[in-house]
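Asks: protein_35.cif (mmCIF, C-alpha atoms (C1' of nucleotides)) pasted underneath:
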```cif
data_final
#
loop_
_atom_site.label_atom_id
_atom_site.label_comp_id
_atom_site.auth_asym_id
_atom_site.auth_seq_id
_atom_site.Cartn_x
_atom_site.Cartn_y
_atom_site.Cartn_z
CA MET A 1 130.80 92.76 129.24
CA ALA A 2 127.32 92.75 127.75
CA LEU A 3 126.30 89.57 129.55
CA GLU A 4 126.78 91.39 132.84
CA HIS A 5 124.34 94.06 131.73
CA ALA A 6 121.80 91.58 130.44
CA ILE A 7 121.95 89.87 133.84
CA LEU A 8 121.52 93.18 135.66
CA VAL A 9 118.43 93.97 133.58
CA SER A 10 116.97 90.53 134.11
CA LEU A 11 117.60 90.58 137.86
CA LEU A 12 116.13 94.06 138.18
CA GLU A 13 113.03 92.84 136.39
CA LYS A 14 112.94 89.98 138.92
CA PRO A 15 115.57 88.56 141.31
CA GLY A 16 116.42 84.90 140.82
CA SER A 17 118.98 82.13 140.89
CA GLY A 18 121.51 81.17 138.25
CA TYR A 19 119.31 78.32 137.20
CA GLU A 20 116.30 80.57 136.78
CA LEU A 21 118.37 83.06 134.80
CA ALA A 22 119.54 80.27 132.53
CA ARG A 23 115.91 79.46 131.77
CA ARG A 24 115.10 83.10 131.13
CA PHE A 25 118.00 83.15 128.70
CA ASP A 26 116.23 80.36 126.85
CA ARG A 27 113.16 82.54 126.60
CA SER A 28 112.36 86.26 126.86
CA ILE A 29 115.76 87.90 127.37
CA GLY A 30 117.36 85.05 125.47
CA TYR A 31 115.75 86.14 122.24
CA PHE A 32 118.10 89.10 122.24
CA TRP A 33 121.01 87.73 124.20
CA THR A 34 121.96 84.10 124.68
CA ALA A 35 124.03 82.49 127.39
CA THR A 36 124.64 79.02 128.77
CA HIS A 37 124.34 78.18 132.43
CA GLN A 38 128.12 77.88 132.73
CA GLN A 39 128.62 81.41 131.61
CA ILE A 40 125.87 82.67 133.87
CA TYR A 41 127.17 80.97 137.01
CA ARG A 42 130.67 82.22 136.35
CA VAL A 43 129.58 85.80 135.76
CA LEU A 44 127.18 85.81 138.72
CA LYS A 45 130.04 84.79 140.98
CA ARG A 46 132.23 87.56 139.64
CA MET A 47 129.50 90.15 139.86
CA GLU A 48 128.77 89.17 143.43
CA SER A 49 132.43 89.43 144.42
CA ASP A 50 132.53 92.82 142.65
CA GLY A 51 129.68 93.97 144.85
CA LEU A 52 127.12 94.41 142.08
CA LEU A 53 124.83 91.72 143.42
CA ALA A 54 123.73 90.39 146.80
CA VAL A 55 123.16 86.69 147.25
CA ARG A 56 120.93 84.78 149.68
CA GLU A 57 120.94 81.04 150.24
CA MET A 58 117.37 79.83 149.88
CA PRO A 59 116.68 76.41 151.42
CA GLN A 60 113.87 74.65 149.60
CA GLN A 61 111.81 71.55 150.31
CA SER A 62 111.94 68.65 147.93
CA ARG A 63 114.54 70.27 145.72
CA PRO A 64 118.13 71.49 146.05
CA ASP A 65 118.85 74.79 147.77
CA LYS A 66 119.27 77.75 145.50
CA LYS A 67 121.15 81.02 145.66
CA GLU A 68 118.95 83.96 144.91
CA TYR A 69 120.72 86.97 143.45
CA CYS A 70 119.52 90.53 143.72
CA VAL A 71 120.94 93.76 142.27
CA VAL A 72 122.31 96.19 144.85
CA GLY A 73 123.35 99.86 144.62
CA PRO A 74 126.63 99.55 142.71
CA GLY A 75 124.98 97.14 140.27
CA ARG A 76 122.27 99.65 139.53
CA ALA A 77 124.89 102.34 139.11
CA ALA A 78 126.85 100.15 136.71
CA LEU A 79 123.74 99.62 134.61
CA SER A 80 122.99 103.32 134.60
CA GLN A 81 126.53 104.12 133.50
CA TRP A 82 126.33 101.58 130.70
CA LEU A 83 123.08 103.14 129.50
CA HIS A 84 124.89 106.44 129.14
CA GLU A 85 127.74 104.95 127.14
CA SER A 86 127.38 104.34 123.46
CA ILE A 87 127.69 100.88 121.96
CA GLN A 88 128.62 100.09 118.42
CA PRO A 89 125.76 98.93 116.20
CA GLU A 90 125.69 95.16 116.14
CA SER A 91 127.53 93.30 113.49
CA ILE A 92 125.46 90.34 112.48
CA ARG A 93 126.87 86.86 112.18
CA HIS A 94 124.60 85.17 109.75
CA GLU A 95 126.08 81.76 109.10
CA LEU A 96 123.26 80.78 106.78
CA ALA A 97 124.06 83.71 104.47
CA VAL A 98 127.66 82.49 104.25
CA LYS A 99 126.38 79.03 103.39
CA ILE A 100 124.14 80.40 100.67
CA ARG A 101 127.01 82.20 99.03
CA GLY A 102 129.11 79.07 99.46
CA ALA A 103 126.46 77.00 97.67
CA ALA A 104 127.67 78.54 94.42
CA PHE A 105 130.67 76.22 94.71
CA ASP A 106 128.64 73.07 95.23
CA ASP A 107 125.10 71.96 94.47
CA PRO A 108 122.72 74.72 95.68
CA SER A 109 119.86 72.26 96.13
CA VAL A 110 121.58 70.63 99.12
CA LEU A 111 120.59 73.74 101.08
CA ILE A 112 116.85 73.44 100.50
CA ARG A 113 116.17 71.19 103.49
CA GLU A 114 118.41 73.28 105.69
CA VAL A 115 116.64 76.49 104.74
CA GLU A 116 113.25 74.85 105.28
CA ARG A 117 114.36 73.81 108.73
CA HIS A 118 115.44 77.35 109.57
CA ARG A 119 112.15 78.67 108.27
CA GLN A 120 110.31 76.35 110.62
CA VAL A 121 112.34 77.55 113.62
CA HIS A 122 111.65 81.20 112.79
CA SER A 123 108.00 80.47 112.21
CA ASP A 124 107.79 78.83 115.65
CA ARG A 125 109.50 81.79 117.25
CA LEU A 126 107.08 84.16 115.59
CA ALA A 127 104.13 82.17 116.90
CA HIS A 128 105.66 82.29 120.36
CA TYR A 129 106.14 86.06 120.19
CA LEU A 130 102.61 86.62 118.93
CA ALA A 131 101.23 84.52 121.78
CA GLY A 132 103.24 86.66 124.22
CA GLU A 133 101.95 89.82 122.61
CA LEU A 134 98.36 88.67 122.98
CA ARG A 135 98.91 87.53 126.57
CA ASP A 136 100.75 90.60 127.83
CA PHE A 137 99.81 93.51 125.62
CA THR A 138 96.86 93.22 123.27
CA GLY A 139 94.64 90.50 124.70
CA PRO A 140 91.65 90.92 127.02
CA ALA A 141 93.71 90.05 130.11
CA ALA A 142 96.36 92.67 129.29
CA PRO A 143 96.51 95.98 131.15
CA THR A 144 94.76 98.83 129.35
CA LEU A 145 97.45 101.34 130.31
CA LEU A 146 101.08 100.25 130.17
CA ASP A 147 103.76 101.65 132.45
CA ALA A 148 107.16 102.64 131.08
CA GLY A 149 108.70 99.23 131.74
CA GLN A 150 105.89 97.47 129.90
CA GLU A 151 106.05 99.94 127.01
CA LEU A 152 109.75 99.20 126.62
CA GLN A 153 109.27 95.45 126.84
CA TYR A 154 106.57 95.73 124.21
CA VAL A 155 108.66 97.75 121.79
CA VAL A 156 111.43 95.16 122.08
CA LEU A 157 108.89 92.41 121.45
CA ARG A 158 107.61 94.27 118.39
CA GLY A 159 111.22 94.26 117.18
CA GLY A 160 111.38 90.51 117.59
CA ILE A 161 108.12 90.08 115.71
CA ALA A 162 109.29 92.32 112.86
CA TYR A 163 112.59 90.43 112.72
CA GLU A 164 110.96 87.02 112.47
CA ARG A 165 108.47 88.17 109.84
CA MET A 166 111.24 89.69 107.75
CA THR A 167 113.37 86.57 108.12
CA ILE A 168 110.55 84.22 107.11
CA ALA A 169 109.81 86.29 104.01
CA TRP A 170 113.49 86.29 103.11
CA LEU A 171 113.83 82.53 103.60
CA ASP A 172 110.88 82.08 101.23
CA ASP A 173 112.78 84.21 98.73
CA VAL A 174 115.87 82.04 99.27
CA LEU A 175 113.87 78.84 98.79
CA ALA A 176 112.34 80.13 95.57
CA THR A 177 115.81 81.05 94.32
CA LEU A 178 117.33 77.69 95.25
CA ARG A 179 114.47 75.84 93.56
CA ARG A 180 114.77 77.98 90.46
CA LEU A 181 118.47 77.14 90.22
CA GLY A 182 117.60 73.45 90.45
CA THR A 183 120.40 70.95 90.64
CA SER A 184 122.77 72.89 88.45
CA HIS A 185 126.41 71.93 88.33
CA PRO A 186 129.01 73.48 90.61
CA GLN A 187 130.82 76.33 88.96
CA ALA A 188 134.00 78.42 89.30
CA MET B 1 134.78 77.23 112.90
CA ALA B 2 132.51 79.44 110.84
CA LEU B 3 135.24 81.95 110.12
CA GLU B 4 137.12 79.20 108.29
CA HIS B 5 134.14 78.65 106.04
CA ALA B 6 133.57 82.32 105.41
CA ILE B 7 137.22 82.57 104.37
CA LEU B 8 136.87 79.56 102.07
CA VAL B 9 133.86 81.14 100.38
CA SER B 10 135.57 84.49 100.02
CA LEU B 11 138.77 82.95 98.62
CA LEU B 12 136.80 80.81 96.19
CA GLU B 13 135.04 83.92 94.97
CA LYS B 14 138.49 85.47 94.53
CA PRO B 15 141.94 84.55 95.91
CA GLY B 16 143.66 87.21 97.97
CA SER B 17 145.91 88.13 100.88
CA GLY B 18 145.03 88.42 104.55
CA TYR B 19 144.94 92.16 104.20
CA GLU B 20 142.54 91.99 101.27
CA LEU B 21 140.33 89.55 103.15
CA ALA B 22 140.26 91.91 106.11
CA ARG B 23 138.94 94.62 103.83
CA ARG B 24 136.33 92.31 102.35
CA PHE B 25 135.25 91.55 105.90
CA ASP B 26 134.64 95.28 106.29
CA ARG B 27 132.38 95.16 103.25
CA SER B 28 130.49 92.51 101.29
CA ILE B 29 131.11 89.30 103.26
CA GLY B 30 131.51 91.36 106.41
CA TYR B 31 127.85 92.32 106.38
CA PHE B 32 127.07 88.75 107.35
CA TRP B 33 130.23 87.76 109.13
CA THR B 34 132.75 90.04 110.80
CA ALA B 35 136.39 89.44 111.62
CA THR B 36 139.42 91.51 112.50
CA HIS B 37 142.71 91.21 110.68
CA GLN B 38 144.28 89.45 113.66
CA GLN B 39 141.73 86.69 113.53
CA ILE B 40 142.08 86.38 109.79
CA TYR B 41 145.89 86.10 109.79
CA ARG B 42 145.77 83.52 112.55
CA VAL B 43 143.15 81.38 110.85
CA LEU B 44 144.81 81.67 107.41
CA LYS B 45 148.03 80.34 108.90
CA ARG B 46 146.22 77.41 110.48
CA MET B 47 144.24 76.64 107.34
CA GLU B 48 147.40 76.69 105.27
CA SER B 49 149.19 74.31 107.63
CA ASP B 50 146.09 72.09 107.56
CA GLY B 51 146.40 71.94 103.78
CA LEU B 52 143.14 73.73 102.99
CA LEU B 53 144.90 76.65 101.32
CA ALA B 54 147.94 77.23 99.16
CA VAL B 55 150.01 80.36 99.61
CA ARG B 56 152.24 82.28 97.20
CA GLU B 57 154.60 85.10 98.10
CA MET B 58 153.80 87.99 95.78
CA PRO B 59 156.53 90.63 95.52
CA GLN B 60 155.03 94.03 94.70
CA GLN B 61 156.51 97.33 93.62
CA SER B 62 156.12 100.35 95.81
CA ARG B 63 154.37 98.42 98.55
CA PRO B 64 155.15 95.53 100.89
CA ASP B 65 155.09 91.96 99.59
CA LYS B 66 151.90 90.07 100.16
CA LYS B 67 150.97 86.44 100.57
CA GLU B 68 148.20 85.40 98.25
CA TYR B 69 146.05 82.54 99.47
CA CYS B 70 144.09 80.20 97.25
CA VAL B 71 141.74 77.33 98.11
CA VAL B 72 143.02 73.87 97.14
CA GLY B 73 141.31 70.47 96.96
CA PRO B 74 140.91 69.64 100.65
CA GLY B 75 139.65 73.18 101.30
CA ARG B 76 136.97 72.78 98.70
CA ALA B 77 136.07 69.41 100.18
CA ALA B 78 135.83 70.93 103.66
CA LEU B 79 133.45 73.58 102.37
CA SER B 80 131.34 70.99 100.60
CA GLN B 81 131.14 68.90 103.73
CA TRP B 82 130.10 71.91 105.79
CA LEU B 83 127.34 72.69 103.29
CA HIS B 84 125.93 69.22 103.87
CA GLU B 85 125.96 69.59 107.65
CA SER B 86 123.17 71.41 109.40
CA ILE B 87 123.82 74.47 111.50
CA GLN B 88 121.66 75.77 114.28
CA PRO B 89 119.60 78.85 113.48
CA GLU B 90 121.46 81.92 114.63
CA SER B 91 120.84 83.29 118.06
CA ILE B 92 120.88 87.03 117.82
CA ARG B 93 122.87 89.17 120.19
CA HIS B 94 121.10 92.46 120.14
CA GLU B 95 122.76 94.66 122.73
CA LEU B 96 120.53 97.62 121.94
CA ALA B 97 117.43 95.58 122.81
CA VAL B 98 118.97 94.79 126.21
CA LYS B 99 119.64 98.50 126.70
CA ILE B 100 116.08 99.40 125.83
CA ARG B 101 114.71 97.01 128.41
CA GLY B 102 117.29 98.33 130.86
CA ALA B 103 116.11 101.88 130.27
CA ALA B 104 113.06 101.06 132.42
CA PHE B 105 115.41 101.30 135.40
CA ASP B 106 116.81 104.70 134.47
CA ASP B 107 115.68 107.63 132.37
CA PRO B 108 114.53 106.24 128.99
CA SER B 109 115.27 109.51 127.22
CA VAL B 110 119.03 109.00 127.61
CA LEU B 111 118.72 106.41 124.85
CA ILE B 112 117.27 108.74 122.23
CA ARG B 113 120.60 109.94 120.89
CA GLU B 114 122.00 106.43 120.93
CA VAL B 115 119.05 105.07 118.97
CA GLU B 116 119.27 107.94 116.49
CA ARG B 117 122.94 107.12 115.97
CA HIS B 118 122.15 103.46 115.30
CA ARG B 119 119.40 104.50 112.91
CA GLN B 120 121.91 106.56 110.96
CA VAL B 121 124.33 103.63 110.69
CA HIS B 122 121.60 101.32 109.41
CA SER B 123 120.38 103.95 107.02
CA ASP B 124 123.92 104.30 105.62
CA ARG B 125 124.22 100.54 105.25
CA LEU B 126 120.93 100.41 103.40
CA ALA B 127 122.09 103.10 100.99
CA HIS B 128 125.28 101.15 100.43
CA TYR B 129 123.37 97.93 99.72
CA LEU B 130 120.99 99.67 97.34
CA ALA B 131 123.92 101.15 95.45
CA GLY B 132 125.41 97.68 95.15
CA GLU B 133 122.11 96.29 93.94
CA LEU B 134 121.90 98.92 91.24
CA ARG B 135 125.52 98.45 90.22
CA ASP B 136 125.54 94.65 90.09
CA PHE B 137 122.00 93.48 89.54
CA THR B 138 119.34 95.96 88.49
CA GLY B 139 121.20 98.82 86.79
CA PRO B 140 121.93 99.26 83.08
CA ALA B 141 125.50 97.96 83.46
CA ALA B 142 124.31 94.76 85.16
CA PRO B 143 124.15 91.44 83.31
CA THR B 144 120.73 90.60 81.94
CA LEU B 145 121.04 86.95 82.83
CA LEU B 146 122.61 85.98 86.14
CA ASP B 147 124.54 82.78 86.71
CA ALA B 148 123.98 80.69 89.84
CA GLY B 149 126.72 82.45 91.80
CA GLN B 150 125.27 85.85 91.03
CA GLU B 151 121.75 84.71 91.84
CA LEU B 152 122.94 83.54 95.24
CA GLN B 153 124.88 86.73 95.91
CA TYR B 154 121.79 88.70 94.99
CA VAL B 155 119.46 86.78 97.25
CA VAL B 156 121.85 87.34 100.15
CA LEU B 157 121.98 91.05 99.28
CA ARG B 158 118.17 91.16 99.22
CA GLY B 159 118.30 89.72 102.74
CA GLY B 160 120.60 92.52 103.83
CA ILE B 161 118.31 95.11 102.31
CA ALA B 162 115.25 93.60 104.00
CA TYR B 163 117.10 93.47 107.31
CA GLU B 164 118.14 97.12 107.18
CA ARG B 165 114.68 98.30 106.16
CA MET B 166 113.09 96.32 108.97
CA THR B 167 115.63 97.62 111.47
CA ILE B 168 115.15 101.25 110.46
CA ALA B 169 111.38 100.93 110.78
CA TRP B 170 111.79 99.34 114.20
CA LEU B 171 114.20 102.03 115.40
CA ASP B 172 111.62 104.63 114.37
CA ASP B 173 109.11 102.76 116.49
CA VAL B 174 111.59 102.73 119.38
CA LEU B 175 112.23 106.46 119.02
CA ALA B 176 108.51 107.23 119.01
CA THR B 177 108.10 105.12 122.14
CA LEU B 178 111.01 106.74 123.95
CA ARG B 179 109.73 110.21 123.09
CA ARG B 180 106.25 109.33 124.22
CA LEU B 181 107.61 108.17 127.58
CA GLY B 182 109.42 111.50 127.90
CA THR B 183 111.68 111.99 130.89
CA SER B 184 109.62 109.92 133.24
CA HIS B 185 111.10 108.83 136.54
CA PRO B 186 112.92 105.58 136.99
CA GLN B 187 110.76 102.89 138.41
CA ALA B 188 110.90 99.50 140.11
"C1'" DC C 1 161.27 117.38 106.57
"C1'" DT C 2 158.24 115.67 109.55
"C1'" DT C 3 153.80 113.89 110.33
"C1'" DG C 4 150.16 111.11 109.25
"C1'" DG C 5 147.90 107.64 106.35
"C1'" DC C 6 147.95 103.37 103.50
"C1'" DT C 7 149.59 98.66 102.52
"C1'" DA C 8 151.04 94.52 104.75
"C1'" DT C 9 152.02 91.22 108.49
"C1'" DG C 10 152.33 89.66 113.00
"C1'" DC C 11 152.82 88.74 118.59
"C1'" DA C 12 151.00 88.71 123.30
"C1'" DA C 13 147.56 88.98 126.60
"C1'" DC C 14 143.16 88.90 127.85
"C1'" DG C 15 138.18 88.20 127.95
"C1'" DA C 16 134.07 85.83 126.02
"C1'" DG C 17 131.84 81.70 124.83
"C1'" DT C 18 131.49 76.47 124.24
"C1'" DT C 19 131.74 71.59 125.46
"C1'" DG C 20 132.26 67.86 128.34
"C1'" DC C 21 131.96 66.22 132.66
"C1'" DA C 22 130.56 65.79 137.70
"C1'" DT C 23 127.53 65.90 141.74
"C1'" DA C 24 123.15 65.16 144.12
"C1'" DG C 25 118.36 64.71 145.86
"C1'" DA C 26 113.51 63.99 144.44
"C1'" DA C 27 109.79 62.58 141.31
"C1'" DG C 28 107.71 59.63 138.00
"C1'" DG C 29 107.27 56.08 134.59
"C1'" DA C 30 108.57 51.32 132.50
"C1'" DT D 1 113.85 48.43 140.56
"C1'" DC D 2 116.03 50.92 137.41
"C1'" DC D 3 116.12 54.65 134.27
"C1'" DT D 4 115.22 59.09 133.06
"C1'" DT D 5 114.00 63.84 133.91
"C1'" DC D 6 113.99 68.04 136.57
"C1'" DT D 7 116.07 71.23 139.83
"C1'" DA D 8 120.43 73.19 141.12
"C1'" DT D 9 125.41 74.22 141.06
"C1'" DG D 10 129.93 73.91 139.56
"C1'" DC D 11 135.10 72.69 137.51
"C1'" DA D 12 138.38 72.19 133.67
"C1'" DA D 13 139.84 72.62 129.20
"C1'" DC D 14 139.39 74.47 125.09
"C1'" DT D 15 138.39 77.60 121.12
"C1'" DC D 16 136.92 82.05 119.51
"C1'" DG D 17 137.21 86.94 119.46
"C1'" DT D 18 139.12 91.56 120.94
"C1'" DT D 19 142.59 95.02 122.12
"C1'" DG D 20 146.94 96.92 122.29
"C1'" DC D 21 151.19 97.03 120.44
"C1'" DA D 22 155.07 96.52 116.92
"C1'" DT D 23 157.37 96.69 112.46
"C1'" DA D 24 158.32 98.64 107.99
"C1'" DG D 25 158.36 100.88 103.48
"C1'" DC D 26 156.00 104.15 100.51
"C1'" DC D 27 153.31 108.35 99.50
"C1'" DA D 28 151.24 112.87 99.98
"C1'" DA D 29 150.19 117.06 102.51
"C1'" DG D 30 151.50 120.74 105.36
#
```
Translate the structure described by the file into structure tokens.

Replies:
Amino acid sequence: MALEHAILVSLLEKPGSGYELARRFDRSIGYFWTATHQQIYRVLKRMESDGLLAVREMPQQSRPDKKEYCVVGPGRAALSQWLHESIQPESIRHELAVKIRGAAFDDPSVLIREVERHRQVHSDRLAHYLAGELRDFTGPAAPTLLDAGQELQYVVLRGGIAYERMTIAWLDDVLATLRRLGTSHPQA
Amino acid sequence: MALEHAILVSLLEKPGSGYELARRFDRSIGYFWTATHQQIYRVLKRMESDGLLAVREMPQQSRPDKKEYCVVGPGRAALSQWLHESIQPESIRHELAVKIRGAAFDDPSVLIREVERHRQVHSDRLAHYLAGELRDFTGPAAPTLLDAGQELQYVVLRGGIAYERMTIAWLDDVLATLRRLGTSHPQA
DNA sequence: CTTGGCTATGCAACGAGTTGCATAGAAGGA
DNA sequence: TCCTTCTATGCAACTCGTTGCATAGCCAAG
């Protein structure tokens, strides 16, 4: 049910349509929770029929109408209740780590390009985060005093930055290891 | 299909039964890929009928019989093929980060205990990893020269250690932020 | 001697997530 | 003019993952 809660948070930060949510899930919120538009539309419909959200048809010029969703009382209450529950610490699913261990049973050097590609993606994400940090929190245009919501957004962003930095450093370690092993023969 | 590949890797490292795999997925492999025993039994059955695995009934004394699975030719080929394919960099699902952003719409201090609990879990995991590192790689009983398989296991373990250290530091940052915000009123 | 825990396997039902496809108007470039 | 891209929503089918339950023998503690 975590998608529901991610949607509640995102809509409380700013009401919007399914389409807009889908784009947010490609950016900001999406760095910590991903979802496709199919999932979002389906869940929005359910949440609306459960009375967590209100919907308004918004006619627009020169583009299709949209349905703008907005959190109402019971939705807020549901979020609050969830905040009071405890969740179990995330279990990572790190496919690349499985691949690296699997490389012992093939030629490890086949992974070099793959790891380089991943490194590039993480490096791009880091740059994106750092740009956001400068824009919203540390740059000249940023507010000098943050409110609670901004403080919390910033601490989450700092987490993203720390994660990407750690990952890049680790991928460098992986690359060095793969190169050191060279094109050795498969074993076991 | 990633569970299939994680199972192939684990069974190549050492053949075993569904039950044994389930326990491995609570430990070593499970730090990078989780699965419940239900999932594992189901997938093992499918993989066996697809000819990726061979199974032997192993009668045991003083405990139930087990079925020991072992990777055969086509399974190895499937793994090799997967290693040559590219996967998309993982999209994290960090529920706690969603909660932290959601705390802006409630009392942020309700999260303090939750975050402390998560910190404890990560701290325990780190201790577990470090013990494994000492036992298998850096301690006096460890081999002085590692083969490729051990090198790869070690680099994955180093990733786990880096991840836990980063996470603990971030959770400390989160705790400091939550405490600084105190029991301020909900906003927005 | 009964209760609870460990090994060992499995079914059934449900919910979460993915992939492919479909519609439809408007804008902009080849 | 046609083709693609962007906004905007949605269905259908499928796979993946979780939860609850069931069985069954052995062992150890109370």

Asks: Which is closer to D:DT7 than all the others in A:Ser17, A:Gln38, A:Gln120, A:Ser28, using all atoms listed in the file?

Replies: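 Using all atoms listed in the file, D:DT7 sits closest to A:Ser17.
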
Asks: Taking the file as I've supplied it (selection: the PyMOL selection byres ((chain B) within 10 of (chain D))), which residues are included? Please answer as number ranges by chain.

Replies: B: 1, 3, 35-36, 38-39, 61-64

Asks: Restricting it to C-alpha atoms, dump the selection as a PDB file, keeping the file's coordinate frame.

Replies:
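Final output, out-v4.pdb:
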```
ATOM      1  CA  MET B   1     134.780  77.230 112.900  1.00  0.00           C
ATOM      2  CA  LEU B   3     135.240  81.950 110.120  1.00  0.00           C
ATOM      3  CA  ALA B  35     136.390  89.440 111.620  1.00  0.00           C
ATOM      4  CA  THR B  36     139.420  91.510 112.500  1.00  0.00           C
ATOM      5  CA  GLN B  38     144.280  89.450 113.660  1.00  0.00           C
ATOM      6  CA  GLN B  39     141.730  86.690 113.530  1.00  0.00           C
ATOM      7  CA  GLN B  61     156.510  97.330  93.620  1.00  0.00           C
ATOM      8  CA  SER B  62     156.120 100.350  95.810  1.00  0.00           C
ATOM      9  CA  ARG B  63     154.370  98.420  98.550  1.00  0.00           C
ATOM     10  CA  PRO B  64     155.150  95.530 100.890  1.00  0.00           C
TER      11      PRO B  64
END
```

Asks: I'd like the interatomic distance between atom CA of A:Val9 and atom CA of B:Glu114, to a tenth of an Å.

Replies: 18.1 Å

Asks: Would you work out the distance separating atom CA of B:Tyr69 from atom CA of B:Leu11, expressed in Å to one decimal?

Replies: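 Calculated distance between atom CA of B:Tyr69 and atom CA of B:Leu11 is 7.3 Å.
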
Asks: Given the file shown, enumerate the residues that the PyMOL selection byres ((chain B and resi 7) around 12) captures and present them as a PyMOL selection string.

Replies: (chain A and resi 98-99+101-102) or (chain B and resi 1-6+8-18+20-22+24-25+29-30+33-35+39-45+47-48+52-53+69-71+75-76+78-79)

Asks: Find the distance between atom CA of B:Val72 and atom CA of B:Asp136 and write it in Å to one decimal.

Replies: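 It comes out at 28.1 Å.
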
Asks: Could you list, with a cut-off of 9 Å and counting all atoms listed in the file, the residues of chain C near chain B, each shown with its nearest atom pair and the distance in Å rounded to one decimal, rows sorted by chain and ascending number, as a Markdown table?

Replies:
```
| residue | atom | partner | partner_atom | distance |
| --- | --- | --- | --- | --- |
| C:DT7 | C1' | B:Arg63 | CA | 6.2 |
| C:DA8 | C1' | B:Pro64 | CA | 5.7 |
| C:DT9 | C1' | B:Tyr41 | CA | 8.1 |
| C:DG10 | C1' | B:Tyr41 | CA | 8.0 |
```

Asks: With all atoms listed in the file as the atoms that count, which of B:Ala162, B:Ala142, B:Ile87, B:Ile168 lies nearest to B:Asp124?

Replies: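 Going through B:Ala162, B:Ala142, B:Ile87, B:Ile168 one by one, the smallest distance to B:Asp124 is for B:Ile168.
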
Asks: Hey, which of A:Ala77, A:Leu152, A:Leu126, A:Ala131 ends up closest to chain B? Count only C-alpha atoms.

Replies: A:Leu152

Asks: Just checking: using only C-alpha atoms, which residue out of B:Leu145, B:Ala54, B:Ala127, B:Val110 ends up closest to chain A?

Replies: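 Closest residue, counting only C-alpha atoms: B:Val110.
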
Asks: Determine, counting all atoms listed in the file, every residue of protein, DNA or RNA that lies within 10 Å of (120.1, 76.4, 103.7) in the file coordinates, then give the result as a ChimeraX atom specification.

Replies: /A:95-100,103,108-119,171,174-175,178 /B:83-87

Asks: Would you list the contacts of B:His128 as a list in words, taking every protein, DNA or RNA residue within 12 Å and counting only C-alpha atoms (C1' of nucleotides), but skipping same-chain residues closer than 4 positions in sequence?

Replies: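 In the requested form, the answer reads Arg27, Ser28, Tyr31, Val121, His122, Ser123, Asp124, Gly132, Glu133, Leu134, Arg135, Leu157, Gly160, Ile161 and Glu164 of chain B.
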
Asks: Calculated over all atoms listed in the file, which of the candidates A:Ala141, A:Val156, A:Leu146, A:Met58 has the smallest distance to chain B?

Replies: A:Val156

Asks: Using the incomplete input, complete stretch 57-65 of chain B to the level of N, CA, C and O atoms; output as a PDB file, keeping the file's coordinate frame.

Replies:
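The new file selection.pdb reads:
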```pdb
ATOM      1  N   GLU B  57     154.033  83.788  97.787  1.00  0.00           N
ATOM      2  CA  GLU B  57     154.600  85.100  98.100  1.00  0.00           C
ATOM      3  C   GLU B  57     154.540  85.952  96.853  1.00  0.00           C
ATOM      4  O   GLU B  57     155.041  85.554  95.802  1.00  0.00           O
ATOM      5  N   MET B  58     153.922  87.121  96.937  1.00  0.00           N
ATOM      6  CA  MET B  58     153.800  87.990  95.780  1.00  0.00           C
ATOM      7  C   MET B  58     154.587  89.275  96.018  1.00  0.00           C
ATOM      8  O   MET B  58     154.129  90.166  96.735  1.00  0.00           O
ATOM      9  N   PRO B  59     155.777  89.381  95.389  1.00  0.00           N
ATOM     10  CA  PRO B  59     156.530  90.630  95.520  1.00  0.00           C
ATOM     11  C   PRO B  59     155.763  91.734  94.769  1.00  0.00           C
ATOM     12  O   PRO B  59     155.203  91.485  93.702  1.00  0.00           O
ATOM     13  N   GLN B  60     155.736  92.918  95.343  1.00  0.00           N
ATOM     14  CA  GLN B  60     155.030  94.030  94.700  1.00  0.00           C
ATOM     15  C   GLN B  60     155.952  95.245  94.645  1.00  0.00           C
ATOM     16  O   GLN B  60     156.821  95.402  95.494  1.00  0.00           O
ATOM     17  N   GLN B  61     155.726  96.087  93.647  1.00  0.00           N
ATOM     18  CA  GLN B  61     156.510  97.330  93.620  1.00  0.00           C
ATOM     19  C   GLN B  61     155.786  98.387  94.444  1.00  0.00           C
ATOM     20  O   GLN B  61     154.568  98.435  94.460  1.00  0.00           O
ATOM     21  N   SER B  62     156.586  99.188  95.059  1.00  0.00           N
ATOM     22  CA  SER B  62     156.120 100.350  95.810  1.00  0.00           C
ATOM     23  C   SER B  62     155.102 100.019  96.913  1.00  0.00           C
ATOM     24  O   SER B  62     154.327 100.863  97.311  1.00  0.00           O
ATOM     25  N   ARG B  63     155.110  98.773  97.345  1.00  0.00           N
ATOM     26  CA  ARG B  63     154.370  98.420  98.550  1.00  0.00           C
ATOM     27  C   ARG B  63     154.871  97.073  99.050  1.00  0.00           C
ATOM     28  O   ARG B  63     155.512  96.328  98.313  1.00  0.00           O
ATOM     29  N   PRO B  64     154.590  96.767 100.315  1.00  0.00           N
ATOM     30  CA  PRO B  64     155.150  95.530 100.890  1.00  0.00           C
ATOM     31  C   PRO B  64     154.683  94.293 100.122  1.00  0.00           C
ATOM     32  O   PRO B  64     153.609  94.289  99.519  1.00  0.00           O
ATOM     33  N   ASP B  65     155.501  93.240 100.185  1.00  0.00           N
ATOM     34  CA  ASP B  65     155.090  91.960  99.590  1.00  0.00           C
ATOM     35  C   ASP B  65     153.816  91.478 100.263  1.00  0.00           C
ATOM     36  O   ASP B  65     153.536  91.813 101.394  1.00  0.00           O
TER      37      ASP B  65
END
```
